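Everything below concerns the one structure shown next.
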Amino acid sequence: MAHAPTKDTEGVAEAFEAAPEPAKPSKPRQKKIAVLTSGGDSAGMNAAVRAVVRQGIASGCETYIIREGWEGLVRGNTSEPTPAPTPRRTPSASAAQSPTLGAARSVSFASLPPSQQLALGPLASATGGADKVAPLSDSPLSFGYGELLKDGAGEGDLEEMAAHGAGHVVVADAADELGRSLKGRYIVRVGWDDVRGWLGEGGTLIGSSRCPSFREREGRKTAALNLISFGIDCLAVCGGDGSLTGADKLRGEWPSLVEDLHAEGKITDDQKEAYRHLNIVGLVGSIDNDMSMTDLTIGALTALHRICESIDSISSTASSHSRAFVIEVMGRHCGWLALLAGIATGADFVFIPESPPASDDWETEMCDVLGSHRLVGKRKSIVIVAEGALDRDLQPIKPDYVKQILVDRLGLDTRVTTLGHTQRGGKPCAYDRILPTLQGVEAVHALLEATPETPSYMIGTQENKITKVPLLEAVAQTQAVAAAIEAKDFAKAMGFRDSEFKEMLQAFEISSSLSANSRLPEDKRLRIGIIHVGAPAGGMNAATRQAVRFCHNRGHIPLAIHNGFDGLLEDNVSELSWLRVDNWTTRGGSELGTNRTLPSADLGQVAAALQRHGIDALLVIGGFEAFHSVQILEAARAGYPSFHIPMVHLPATLSNNVPLTDFSLGSDTSLNALVDACDAIKQSASASRNRVFVVETQGGMSGYIATLGALAVGAVLVYTPEEGISLKLLQQDVEFLTERYRLDVKGKSEGRLVIKSEKASSTYSTELLTKILKEEGHDLFDARSASLGHTLQGGVPSPLDRTRAARLALRCMQFLELHATPNAQTQRKRALPPATTATAAMIAIQGSQVKFASMDEVLAVTDMKRRRGKHVWWRDIKKLAEVMGGREGLLAARQ
């Protein structure tokens, strides 16, 4: 079957019936990856698109974006698919005279050092080795669309404007001199620099829209034709369950769609053979966090940030006037936003779809709770209602009705606030930059590894592990939640939620209840000490609040030990009331006071103080010093009977240097503080066009904040204590920056960030590093430095640190209650059996699990000299950050 010559996506005519040539060794066809966003937008979608594009290029693929979601794929392009690429700005010297860079460092994400942490696949190249990064010189850095997409320009209709008397207005910029315009172009090839600056942008720069035509087979056939015409056989889709269902349907129908297109003469024999299979992967973008089989969806945490910021502001005015506020948040079939906002802001009552109030008379149930809070002296009342909230008869619970109940029954001055689409907006938080980047990288791996036999995968996350699950299974389970709610089977609906959701609901119910129904008999009640040790960290106070509320719920006595072990030695110990800790969720630092004094300062007096205050169990909140304190107390049990009580360490430090656990309270707050600061610094650097900022972070001998911060802000280089700094490394990095700035379009250089952990090197200080870069930059780039210092410790704790604190504190208190003996200090004289090593523990997040580890287990993986774990899960993320920053690709180009 003969066909007329066609034009490929680079605009080069080719004849499929060309004269036969001598046989050559077959070369694998270069993969072409496209990414689209569909459904409701969410913060972090741009980070996901950026990651797919850059990881695709690093893997040796061509990359495309599809504007306006499925609608754009159906429309295709009305003009030539891809214009000529933007010419590179090359140095005046020849390639032979250019600086010679050292050999590329091996980049492998096949496995990370400890057990089952962030499971990143290898950086697979379409042309070969699993440990290689494709040179950036293999493809143009830009096709000229990046700035149009970022600025939302290029869509203007000149004829329409002229008809309204505005024909003199310049719609497009100078890029249109080269024939570039987005009008009528929905499938667009992009290069490395086309997604520059996207990481911190909210929403989706490539657009999203509903597409009724894609629901019909004819529309999907048109979409298939457009993909084949561009040679695209790998598609990453970022959206909700509806968008991902459509993606899997397209893949399922693909063979028959190809057959139909061939039969209609719309594709050639060669195209039919080459595009027999379509590989699809799903990334979940949803602010509701309503997808099953993943802990978090892209955008959910940022939406929670927006909600908490609003409620924190409302709380102050509510307290001033002793008012009640009813706040409606999004969540049609999922109450995640409402529930976690309730925990993070200390709300009094929440309504969520999966778990309606226990009583049919929910109005009385709610009023009893809020009334009891008012009786103990609380000045404000906050009720949070998910938009899909229902009672047990499936009748909607609306904010205005809730308000009327509070006015009529409790006489409260009540206001209603609907947050609406403010929850979708704004720049993404730190985690919604990191998670989409990691998932975007894994999405490319999944596409390149896919076979016709493998299912379409959805990239998700479980605790601290990136996961890959069958897309249809996740969608089916998600839809089953709505079906269970519709059938009034609320237990089944909760069963589909992950363990974190259930624990969060339990934590909220305990923290908001003043009921005596859960209290233990008096002979089983405990005196539980709560102490902060080490540097302050966001989430310490939220954890303390949850611990105190647990004690009051169960009948225990919470004893606050002020100012660490110094305070214990000075008998600075007091009971905390239920109301006293009410506002502590939003407070940074340490309300109890904290310092680095260890119990070894005077073990005898510490033992005497524990006995004097009758402490039956001890919750120690803090960083490495807190872990070391529990280890010291446990090791001294043989000589001090007072230490034979259960004690548990809840890690809280911005450095995240506590061994064995993947996360510590405060580290997310610190990351967000770093992101905010670096966004402002980068804005200054970019305005100067050619400026590099060396940003110094805290972290001690742990590079966690520097590494994850570099990934979150798009830094091009990162220096950590784990890797150190050498003269050879500095030489390579200087040459990389020099080459990178030489490749920038003249007058459009990007301000760039270098993140340095404070103890990355004792020789190469931040000041010296800045001077070296400034000297070597010559006329190409300038260098400045900024030290963030203690700003990373302060501020309002992030919602993630607040909610994680509540969950982990609840688990710790349950641990103490399980192992403690009432009146332990007095009964020790009657020869109680000695405490086992299992009763001195640390709660840890490891991969996809939350567990309690004994001190022996923690010590086995601890580098006491460097005050960190022997293995850190984030070490290879440093390499990923530098892949995303372009360093590895330029090094590969110079091999």
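Naming works like this for the structure tokens: A, B, ... for the chains as they're shown, residue 1 at the start of each chain, ligands 1 onward in shown order.
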Hey, which bits of range 819-887 of chain A sit within 8 Å of range 627-636 of chain A, and for each residue what's the closest pair of atoms and how far apart in Å (one decimal), counting only C-alpha atoms, rows by chain and increasing number, as CSV?
```
residue,atom,partner,partner_atom,distance
A:Thr837,CA,A:Glu634,CA,7.4
A:Ala840,CA,A:Glu634,CA,6.3
A:Ala841,CA,A:Val630,CA,7.8
A:Met842,CA,A:Phe627,CA,7.5
A:Met855,CA,A:Gln631,CA,5.9
```
Please produce an output containing all heavy atoms for each residue in the selection, written as an mmCIF file, in the first residue's frame.
```cif
data_model
loop_
_atom_site.group_PDB
_atom_site.id
_atom_site.type_symbol
_atom_site.label_atom_id
_atom_site.label_comp_id
_atom_site.auth_asym_id
_atom_site.auth_seq_id
_atom_site.Cartn_x
_atom_site.Cartn_y
_atom_site.Cartn_z
ATOM 1 N N THR A 837 14.077 -4.302 77.641
ATOM 2 C CA THR A 837 14.625 -3.329 76.700
ATOM 3 C C THR A 837 13.551 -2.802 75.764
ATOM 4 O O THR A 837 13.685 -1.698 75.226
ATOM 5 C CB THR A 837 15.754 -3.963 75.874
ATOM 6 O OG1 THR A 837 15.252 -5.128 75.216
ATOM 7 C CG2 THR A 837 16.933 -4.345 76.760
ATOM 8 N N ALA A 840 11.939 0.761 76.456
ATOM 9 C CA ALA A 840 12.641 2.012 76.161
ATOM 10 C C ALA A 840 12.807 2.057 74.651
ATOM 11 O O ALA A 840 13.630 1.336 74.086
ATOM 12 C CB ALA A 840 13.996 2.054 76.858
ATOM 13 N N ALA A 841 11.993 2.868 73.999
ATOM 14 C CA ALA A 841 11.897 2.761 72.541
ATOM 15 C C ALA A 841 11.829 4.128 71.884
ATOM 16 O O ALA A 841 11.686 5.168 72.553
ATOM 17 C CB ALA A 841 10.671 1.931 72.167
ATOM 18 N N MET A 842 11.929 4.096 70.576
ATOM 19 C CA MET A 842 11.756 5.295 69.753
ATOM 20 C C MET A 842 10.737 4.972 68.670
ATOM 21 O O MET A 842 10.782 3.892 68.079
ATOM 22 C CB MET A 842 13.081 5.699 69.098
ATOM 23 C CG MET A 842 12.986 6.963 68.244
ATOM 24 S SD MET A 842 14.530 7.307 67.364
ATOM 25 C CE MET A 842 14.354 6.183 65.975
ATOM 26 N N MET A 855 16.314 0.740 71.876
ATOM 27 C CA MET A 855 17.543 1.520 71.848
ATOM 28 C C MET A 855 18.681 0.739 71.205
ATOM 29 O O MET A 855 19.539 1.312 70.525
ATOM 30 C CB MET A 855 17.930 1.950 73.269
ATOM 31 C CG MET A 855 17.001 2.993 73.878
ATOM 32 S SD MET A 855 17.006 4.577 72.968
ATOM 33 C CE MET A 855 15.491 4.443 72.015
#
```
Residues at most 9 Å from range 701-716 of chain A, counting only C-alpha atoms, excluding those fewer than 6 positions away in the same chain, as a PDB file with N, CA and C atoms, in the first residue's frame?
```
ATOM      1  N   GLY A 197      11.787  27.366  35.806  1.00  0.00           N
ATOM      2  CA  GLY A 197      11.001  28.247  36.660  1.00  0.00           C
ATOM      3  C   GLY A 197       9.594  27.751  36.951  1.00  0.00           C
ATOM      4  N   LEU A 199       8.763  25.088  38.851  1.00  0.00           N
ATOM      5  CA  LEU A 199       8.658  24.314  40.084  1.00  0.00           C
ATOM      6  C   LEU A 199       7.766  24.986  41.128  1.00  0.00           C
ATOM      7  N   GLY A 200       7.859  26.298  41.250  1.00  0.00           N
ATOM      8  CA  GLY A 200       7.116  27.002  42.295  1.00  0.00           C
ATOM      9  C   GLY A 200       5.831  27.648  41.837  1.00  0.00           C
ATOM     10  N   CYS A 429       3.522  24.048  48.379  1.00  0.00           N
ATOM     11  CA  CYS A 429       4.372  23.917  49.559  1.00  0.00           C
ATOM     12  C   CYS A 429       5.578  23.035  49.216  1.00  0.00           C
ATOM     13  N   ALA A 430       6.496  22.895  50.145  1.00  0.00           N
ATOM     14  CA  ALA A 430       7.725  22.137  49.880  1.00  0.00           C
ATOM     15  C   ALA A 430       7.425  20.709  49.448  1.00  0.00           C
ATOM     16  N   TYR A 431       6.524  20.052  50.163  1.00  0.00           N
ATOM     17  CA  TYR A 431       6.247  18.643  49.860  1.00  0.00           C
ATOM     18  C   TYR A 431       5.584  18.490  48.502  1.00  0.00           C
ATOM     19  N   ASP A 432       4.796  19.486  48.085  1.00  0.00           N
ATOM     20  CA  ASP A 432       4.156  19.415  46.774  1.00  0.00           C
ATOM     21  C   ASP A 432       5.089  19.865  45.652  1.00  0.00           C
ATOM     22  N   ARG A 433       6.336  20.058  45.958  1.00  0.00           N
ATOM     23  CA  ARG A 433       7.377  20.194  44.945  1.00  0.00           C
ATOM     24  C   ARG A 433       8.238  18.932  44.919  1.00  0.00           C
ATOM     25  N   ILE A 434       8.494  18.400  46.114  1.00  0.00           N
ATOM     26  CA  ILE A 434       9.332  17.204  46.226  1.00  0.00           C
ATOM     27  C   ILE A 434       8.596  15.967  45.728  1.00  0.00           C
ATOM     28  N   THR A 437       8.048  15.722  41.970  1.00  0.00           N
ATOM     29  CA  THR A 437       9.326  15.485  41.296  1.00  0.00           C
ATOM     30  C   THR A 437       9.715  14.019  41.386  1.00  0.00           C
ATOM     31  N   LEU A 654      14.713  19.779  63.269  1.00  0.00           N
ATOM     32  CA  LEU A 654      14.708  20.230  61.879  1.00  0.00           C
ATOM     33  C   LEU A 654      15.801  19.533  61.074  1.00  0.00           C
ATOM     34  N   SER A 655      16.862  19.074  61.738  1.00  0.00           N
ATOM     35  CA  SER A 655      17.965  18.428  61.034  1.00  0.00           C
ATOM     36  C   SER A 655      17.584  17.068  60.484  1.00  0.00           C
ATOM     37  N   ASN A 656      16.570  16.453  61.056  1.00  0.00           N
ATOM     38  CA  ASN A 656      16.155  15.102  60.672  1.00  0.00           C
ATOM     39  C   ASN A 656      17.341  14.137  60.739  1.00  0.00           C
ATOM     40  N   ASN A 657      18.135  14.277  61.799  1.00  0.00           N
ATOM     41  CA  ASN A 657      19.341  13.462  61.924  1.00  0.00           C
ATOM     42  C   ASN A 657      19.198  12.307  62.900  1.00  0.00           C
ATOM     43  N   SER A 667      11.056  18.953  60.606  1.00  0.00           N
ATOM     44  CA  SER A 667      11.811  18.974  59.354  1.00  0.00           C
ATOM     45  C   SER A 667      10.974  19.534  58.211  1.00  0.00           C
ATOM     46  N   ASP A 668       9.664  19.274  58.209  1.00  0.00           N
ATOM     47  CA  ASP A 668       8.827  19.824  57.142  1.00  0.00           C
ATOM     48  C   ASP A 668       8.638  21.322  57.311  1.00  0.00           C
ATOM     49  N   SER A 670      10.776  23.307  58.617  1.00  0.00           N
ATOM     50  CA  SER A 670      12.050  23.886  58.207  1.00  0.00           C
ATOM     51  C   SER A 670      12.178  23.921  56.690  1.00  0.00           C
ATOM     52  N   LEU A 671      11.754  22.859  56.015  1.00  0.00           N
ATOM     53  CA  LEU A 671      11.805  22.829  54.552  1.00  0.00           C
ATOM     54  C   LEU A 671      10.947  23.936  53.952  1.00  0.00           C
ATOM     55  N   ASN A 672       9.781  24.160  54.519  1.00  0.00           N
ATOM     56  CA  ASN A 672       8.919  25.223  54.005  1.00  0.00           C
ATOM     57  C   ASN A 672       9.509  26.604  54.248  1.00  0.00           C
ATOM     58  N   LEU A 674      12.706  27.184  54.334  1.00  0.00           N
ATOM     59  CA  LEU A 674      13.777  27.268  53.341  1.00  0.00           C
ATOM     60  C   LEU A 674      13.226  27.605  51.959  1.00  0.00           C
ATOM     61  N   VAL A 675      12.113  26.963  51.589  1.00  0.00           N
ATOM     62  CA  VAL A 675      11.508  27.216  50.278  1.00  0.00           C
ATOM     63  C   VAL A 675      11.066  28.671  50.158  1.00  0.00           C
ATOM     64  N   CYS A 678      14.214  30.808  49.810  1.00  0.00           N
ATOM     65  CA  CYS A 678      14.904  30.606  48.532  1.00  0.00           C
ATOM     66  C   CYS A 678      14.097  31.132  47.356  1.00  0.00           C
ATOM     67  N   ASP A 679      12.772  31.079  47.438  1.00  0.00           N
ATOM     68  CA  ASP A 679      11.947  31.670  46.381  1.00  0.00           C
ATOM     69  C   ASP A 679      12.229  33.165  46.268  1.00  0.00           C
ATOM     70  N   LYS A 682      15.827  33.593  44.935  1.00  0.00           N
ATOM     71  CA  LYS A 682      15.924  33.262  43.508  1.00  0.00           C
ATOM     72  C   LYS A 682      15.306  34.370  42.654  1.00  0.00           C
ATOM     73  N   GLU A 722      27.509  14.559  54.273  1.00  0.00           N
ATOM     74  CA  GLU A 722      27.691  13.157  53.884  1.00  0.00           C
ATOM     75  C   GLU A 722      28.641  13.001  52.703  1.00  0.00           C
ATOM     76  N   GLU A 723      28.590  13.937  51.760  1.00  0.00           N
ATOM     77  CA  GLU A 723      29.423  13.868  50.559  1.00  0.00           C
ATOM     78  C   GLU A 723      30.684  14.718  50.674  1.00  0.00           C
ATOM     79  N   LEU A 737      28.871  25.470  35.909  1.00  0.00           N
ATOM     80  CA  LEU A 737      28.169  26.752  35.924  1.00  0.00           C
ATOM     81  C   LEU A 737      28.613  27.636  34.758  1.00  0.00           C
ATOM     82  N   ARG A 752      20.514  31.350  39.656  1.00  0.00           N
ATOM     83  CA  ARG A 752      20.636  29.948  40.079  1.00  0.00           C
ATOM     84  C   ARG A 752      21.042  29.858  41.543  1.00  0.00           C
ATOM     85  N   LEU A 753      20.616  28.778  42.159  1.00  0.00           N
ATOM     86  CA  LEU A 753      20.868  28.565  43.580  1.00  0.00           C
ATOM     87  C   LEU A 753      21.819  27.403  43.795  1.00  0.00           C
ATOM     88  N   VAL A 754      22.706  27.573  44.756  1.00  0.00           N
ATOM     89  CA  VAL A 754      23.561  26.501  45.254  1.00  0.00           C
ATOM     90  C   VAL A 754      23.247  26.370  46.741  1.00  0.00           C
ATOM     91  N   ILE A 755      22.845  25.190  47.167  1.00  0.00           N
ATOM     92  CA  ILE A 755      22.497  24.978  48.576  1.00  0.00           C
ATOM     93  C   ILE A 755      23.664  24.293  49.275  1.00  0.00           C
ATOM     94  N   LYS A 756      24.085  24.862  50.387  1.00  0.00           N
ATOM     95  CA  LYS A 756      25.215  24.302  51.144  1.00  0.00           C
ATOM     96  C   LYS A 756      24.813  24.091  52.592  1.00  0.00           C
ATOM     97  N   SER A 757      24.951  22.871  53.067  1.00  0.00           N
ATOM     98  CA  SER A 757      24.712  22.583  54.475  1.00  0.00           C
ATOM     99  C   SER A 757      25.836  23.194  55.299  1.00  0.00           C
ATOM    100  N   GLU A 758      25.526  23.710  56.480  1.00  0.00           N
ATOM    101  CA  GLU A 758      26.474  24.499  57.264  1.00  0.00           C
ATOM    102  C   GLU A 758      27.771  23.753  57.577  1.00  0.00           C
ATOM    103  N   LYS A 759      27.704  22.422  57.676  1.00  0.00           N
ATOM    104  CA  LYS A 759      28.904  21.653  58.010  1.00  0.00           C
ATOM    105  C   LYS A 759      29.312  20.717  56.875  1.00  0.00           C
ATOM    106  N   ALA A 760      29.050  21.154  55.635  1.00  0.00           N
ATOM    107  CA  ALA A 760      29.444  20.346  54.489  1.00  0.00           C
ATOM    108  C   ALA A 760      30.960  20.230  54.399  1.00  0.00           C
ATOM    109  N   ARG A 866      29.249  11.557  64.502  1.00  0.00           N
ATOM    110  CA  ARG A 866      28.678  12.546  63.578  1.00  0.00           C
ATOM    111  C   ARG A 866      27.222  12.871  63.900  1.00  0.00           C
ATOM    112  N   ARG A 867      26.673  12.229  64.937  1.00  0.00           N
ATOM    113  CA  ARG A 867      25.309  12.510  65.391  1.00  0.00           C
ATOM    114  C   ARG A 867      24.294  12.366  64.253  1.00  0.00           C
ATOM    115  N   ARG A 868      24.326  11.203  63.622  1.00  0.00           N
ATOM    116  CA  ARG A 868      23.372  10.897  62.555  1.00  0.00           C
ATOM    117  C   ARG A 868      23.375   9.396  62.335  1.00  0.00           C
ATOM    118  N   GLY A 869      22.507   8.929  61.444  1.00  0.00           N
ATOM    119  CA  GLY A 869      22.498   7.514  61.120  1.00  0.00           C
ATOM    120  C   GLY A 869      23.685   7.136  60.248  1.00  0.00           C
ATOM    121  N   VAL A 872      21.780   7.072  55.297  1.00  0.00           N
ATOM    122  CA  VAL A 872      20.699   8.053  55.163  1.00  0.00           C
ATOM    123  C   VAL A 872      19.981   7.826  53.842  1.00  0.00           C
ATOM    124  N   TRP A 874      18.245   9.750  52.016  1.00  0.00           N
ATOM    125  CA  TRP A 874      18.162  10.851  51.048  1.00  0.00           C
ATOM    126  C   TRP A 874      19.473  11.080  50.286  1.00  0.00           C
ATOM    127  N   ARG A 875      20.504  10.277  50.526  1.00  0.00           N
ATOM    128  CA  ARG A 875      21.803  10.550  49.907  1.00  0.00           C
ATOM    129  C   ARG A 875      21.708  10.616  48.384  1.00  0.00           C
ATOM    130  N   ILE A 877      19.210  11.361  46.620  1.00  0.00           N
ATOM    131  CA  ILE A 877      18.367  12.461  46.157  1.00  0.00           C
ATOM    132  C   ILE A 877      19.224  13.675  45.809  1.00  0.00           C
ATOM    133  N   LYS A 878      20.400  13.782  46.411  1.00  0.00           N
ATOM    134  CA  LYS A 878      21.363  14.821  46.007  1.00  0.00           C
ATOM    135  C   LYS A 878      21.681  14.684  44.517  1.00  0.00           C
ATOM    136  N   LEU A 880      19.804  13.224  42.285  1.00  0.00           N
ATOM    137  CA  LEU A 880      18.596  13.545  41.526  1.00  0.00           C
ATOM    138  C   LEU A 880      18.423  15.056  41.392  1.00  0.00           C
ATOM    139  N   ALA A 881      18.676  15.786  42.491  1.00  0.00           N
ATOM    140  CA  ALA A 881      18.563  17.250  42.441  1.00  0.00           C
ATOM    141  C   ALA A 881      19.501  17.818  41.384  1.00  0.00           C
ATOM    142  N   GLU A 882      20.685  17.246  41.262  1.00  0.00           N
ATOM    143  CA  GLU A 882      21.646  17.749  40.290  1.00  0.00           C
ATOM    144  C   GLU A 882      21.336  17.271  38.874  1.00  0.00           C
ATOM    145  N   VAL A 883      20.636  16.148  38.753  1.00  0.00           N
ATOM    146  CA  VAL A 883      20.120  15.758  37.439  1.00  0.00           C
ATOM    147  C   VAL A 883      19.060  16.757  37.005  1.00  0.00           C
ATOM    148  N   MET A 884      18.117  17.075  37.897  1.00  0.00           N
ATOM    149  CA  MET A 884      17.062  18.029  37.576  1.00  0.00           C
ATOM    150  C   MET A 884      17.627  19.429  37.323  1.00  0.00           C
ATOM    151  N   GLY A 885      18.764  19.747  37.957  1.00  0.00           N
ATOM    152  CA  GLY A 885      19.391  21.048  37.759  1.00  0.00           C
ATOM    153  C   GLY A 885      20.247  21.131  36.502  1.00  0.00           C
ATOM    154  N   GLY A 886      20.489  19.989  35.849  1.00  0.00           N
ATOM    155  CA  GLY A 886      21.224  19.969  34.585  1.00  0.00           C
ATOM    156  C   GLY A 886      22.695  19.641  34.701  1.00  0.00           C
ATOM    157  N   ARG A 887      23.214  19.521  35.909  1.00  0.00           N
ATOM    158  CA  ARG A 887      24.644  19.269  36.071  1.00  0.00           C
ATOM    159  C   ARG A 887      25.057  17.946  35.437  1.00  0.00           C
TER     160      ARG A 887
END
```
Problem - Nearest to Ala838 in chain A by atom-to-atom distance, counting only C-alpha atoms, from A:Leu769, A:His644, A:Leu665, A:Asp248 - result: A:His644
Practice task
Run DSSP on the backbone and grab whatever in range 684-769 of chain A lands in strand (DSSP E or B); send it over as a PyMOL selection string.
Solution key: chain A and resi 691-697+717-719+752-757
Preceding selection exported with all heavy atoms as a CSV table (one decimal), in the first residue's frame:
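File written: part_2.csv
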```csv
chain,number,residue,atom,x,y,z
A,691,ARG,N,23.2,35.9,38.3
A,691,ARG,CA,23.7,35.8,39.6
A,691,ARG,C,23.5,34.4,40.2
A,691,ARG,O,22.4,33.8,40.1
A,691,ARG,CB,23.0,36.8,40.5
A,691,ARG,CG,23.5,36.8,42.0
A,691,ARG,CD,23.2,38.1,42.6
A,691,ARG,NE,24.0,39.2,42.1
A,691,ARG,CZ,23.7,40.5,42.4
A,691,ARG,NH1,22.7,40.9,43.1
A,691,ARG,NH2,24.5,41.5,41.8
A,692,VAL,N,24.5,33.9,40.9
A,692,VAL,CA,24.4,32.6,41.6
A,692,VAL,C,24.4,33.0,43.1
A,692,VAL,O,25.2,33.7,43.6
A,692,VAL,CB,25.6,31.7,41.3
A,692,VAL,CG1,25.5,30.4,42.2
A,692,VAL,CG2,25.6,31.3,39.8
A,693,PHE,N,23.4,32.4,43.8
A,693,PHE,CA,23.4,32.6,45.3
A,693,PHE,C,23.8,31.3,46.0
A,693,PHE,O,23.2,30.2,45.6
A,693,PHE,CB,22.0,33.0,45.7
A,693,PHE,CG,21.8,34.4,46.0
A,693,PHE,CD1,21.3,35.3,45.0
A,693,PHE,CD2,22.1,35.0,47.2
A,693,PHE,CE1,21.2,36.6,45.2
A,693,PHE,CE2,22.0,36.4,47.4
A,693,PHE,CZ,21.5,37.2,46.4
A,694,VAL,N,24.7,31.3,46.9
A,694,VAL,CA,25.1,30.2,47.7
A,694,VAL,C,24.3,30.4,49.0
A,694,VAL,O,24.5,31.3,49.8
A,694,VAL,CB,26.6,30.2,48.0
A,694,VAL,CG1,26.9,28.9,48.9
A,694,VAL,CG2,27.4,30.1,46.7
A,695,VAL,N,23.4,29.5,49.2
A,695,VAL,CA,22.5,29.6,50.4
A,695,VAL,C,22.9,28.5,51.4
A,695,VAL,O,22.9,27.3,51.2
A,695,VAL,CB,21.0,29.3,50.0
A,695,VAL,CG1,20.1,29.4,51.2
A,695,VAL,CG2,20.6,30.3,48.9
A,696,GLU,N,23.2,29.0,52.6
A,696,GLU,CA,23.7,28.1,53.7
A,696,GLU,C,22.5,27.7,54.6
A,696,GLU,O,21.7,28.6,55.0
A,696,GLU,CB,24.7,28.8,54.6
A,696,GLU,CG,25.3,27.9,55.7
A,696,GLU,CD,26.3,28.5,56.5
A,696,GLU,OE1,27.5,28.5,56.1
A,696,GLU,OE2,26.0,29.1,57.6
A,697,THR,N,22.3,26.5,54.9
A,697,THR,CA,21.2,26.0,55.7
A,697,THR,C,21.8,25.4,57.0
A,697,THR,O,23.0,25.0,57.1
A,697,THR,CB,20.4,24.9,55.0
A,697,THR,OG1,21.2,23.7,55.0
A,697,THR,CG2,20.1,25.3,53.6
A,717,LEU,N,23.1,22.9,42.4
A,717,LEU,CA,24.2,22.2,43.1
A,717,LEU,C,23.8,22.1,44.6
A,717,LEU,O,23.1,23.0,45.1
A,717,LEU,CB,25.5,22.9,43.0
A,717,LEU,CG,26.1,23.0,41.6
A,717,LEU,CD1,27.3,24.0,41.6
A,717,LEU,CD2,26.5,21.7,41.0
A,718,VAL,N,24.3,21.1,45.3
A,718,VAL,CA,24.0,21.0,46.7
A,718,VAL,C,25.2,20.3,47.3
A,718,VAL,O,25.8,19.3,46.8
A,718,VAL,CB,22.7,20.2,47.0
A,718,VAL,CG1,22.7,18.8,46.3
A,718,VAL,CG2,22.5,20.0,48.5
A,719,TYR,N,25.6,20.9,48.5
A,719,TYR,CA,26.8,20.3,49.2
A,719,TYR,C,26.3,19.9,50.6
A,719,TYR,O,25.7,20.6,51.3
A,719,TYR,CB,27.9,21.4,49.4
A,719,TYR,CG,28.4,21.9,48.1
A,719,TYR,CD1,28.1,23.2,47.6
A,719,TYR,CD2,29.2,21.1,47.3
A,719,TYR,CE1,28.6,23.6,46.4
A,719,TYR,CE2,29.7,21.5,46.1
A,719,TYR,CZ,29.4,22.8,45.6
A,719,TYR,OH,29.9,23.2,44.4
A,752,ARG,N,20.5,31.3,39.7
A,752,ARG,CA,20.6,29.9,40.1
A,752,ARG,C,21.0,29.9,41.5
A,752,ARG,O,21.7,30.7,42.1
A,752,ARG,CB,21.6,29.2,39.2
A,752,ARG,CG,21.1,29.1,37.7
A,752,ARG,CD,22.0,28.3,36.8
A,752,ARG,NE,21.3,28.0,35.6
A,752,ARG,CZ,21.4,28.7,34.5
A,752,ARG,NH1,22.0,29.8,34.5
A,752,ARG,NH2,20.7,28.3,33.4
A,753,LEU,N,20.6,28.8,42.2
A,753,LEU,CA,20.9,28.6,43.6
A,753,LEU,C,21.8,27.4,43.8
A,753,LEU,O,21.7,26.4,43.1
A,753,LEU,CB,19.6,28.3,44.3
A,753,LEU,CG,18.5,29.4,44.3
A,753,LEU,CD1,17.3,28.9,45.1
A,753,LEU,CD2,19.0,30.7,44.9
A,754,VAL,N,22.7,27.6,44.8
A,754,VAL,CA,23.6,26.5,45.3
A,754,VAL,C,23.2,26.4,46.7
A,754,VAL,O,23.3,27.4,47.5
A,754,VAL,CB,25.1,26.8,45.1
A,754,VAL,CG1,25.9,25.8,45.7
A,754,VAL,CG2,25.4,27.0,43.6
A,755,ILE,N,22.8,25.2,47.2
A,755,ILE,CA,22.5,25.0,48.6
A,755,ILE,C,23.7,24.3,49.3
A,755,ILE,O,24.1,23.3,48.8
A,755,ILE,CB,21.2,24.1,48.7
A,755,ILE,CG1,20.1,24.7,47.9
A,755,ILE,CG2,20.8,24.0,50.2
A,755,ILE,CD1,19.6,26.1,48.4
A,756,LYS,N,24.1,24.9,50.4
A,756,LYS,CA,25.2,24.3,51.1
A,756,LYS,C,24.8,24.1,52.6
A,756,LYS,O,24.4,25.0,53.3
A,756,LYS,CB,26.4,25.2,51.1
A,756,LYS,CG,27.6,24.8,51.9
A,756,LYS,CD,28.7,25.8,51.9
A,756,LYS,CE,29.9,25.4,52.8
A,756,LYS,NZ,29.5,25.4,54.2
A,757,SER,N,25.0,22.9,53.1
A,757,SER,CA,24.7,22.6,54.5
A,757,SER,C,25.8,23.2,55.3
A,757,SER,O,27.0,23.2,54.9
A,757,SER,CB,24.7,21.1,54.7
A,757,SER,OG,24.2,20.8,56.0
```
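Neighbours of Arg497 in chain A closer than or equal to 10 Å, with only C-alpha atoms counted and sequence neighbours fewer than 2 positions away skipped, come out as Asp290, Met291, Ser292, Met293, Thr294, Asp295, Cys334, Trp336, Glu354, Gln477, Thr478, Val481, Lys492, Ala493, Met494, Gly495, Ser499, Glu500, Phe501 and Lys502 of chain A.
With distances restricted to only C-alpha atoms, A:Ile33 is the closest residue to Gly440 in chain A from A:Leu141, A:Ala547, A:Ala560, A:Ile33.
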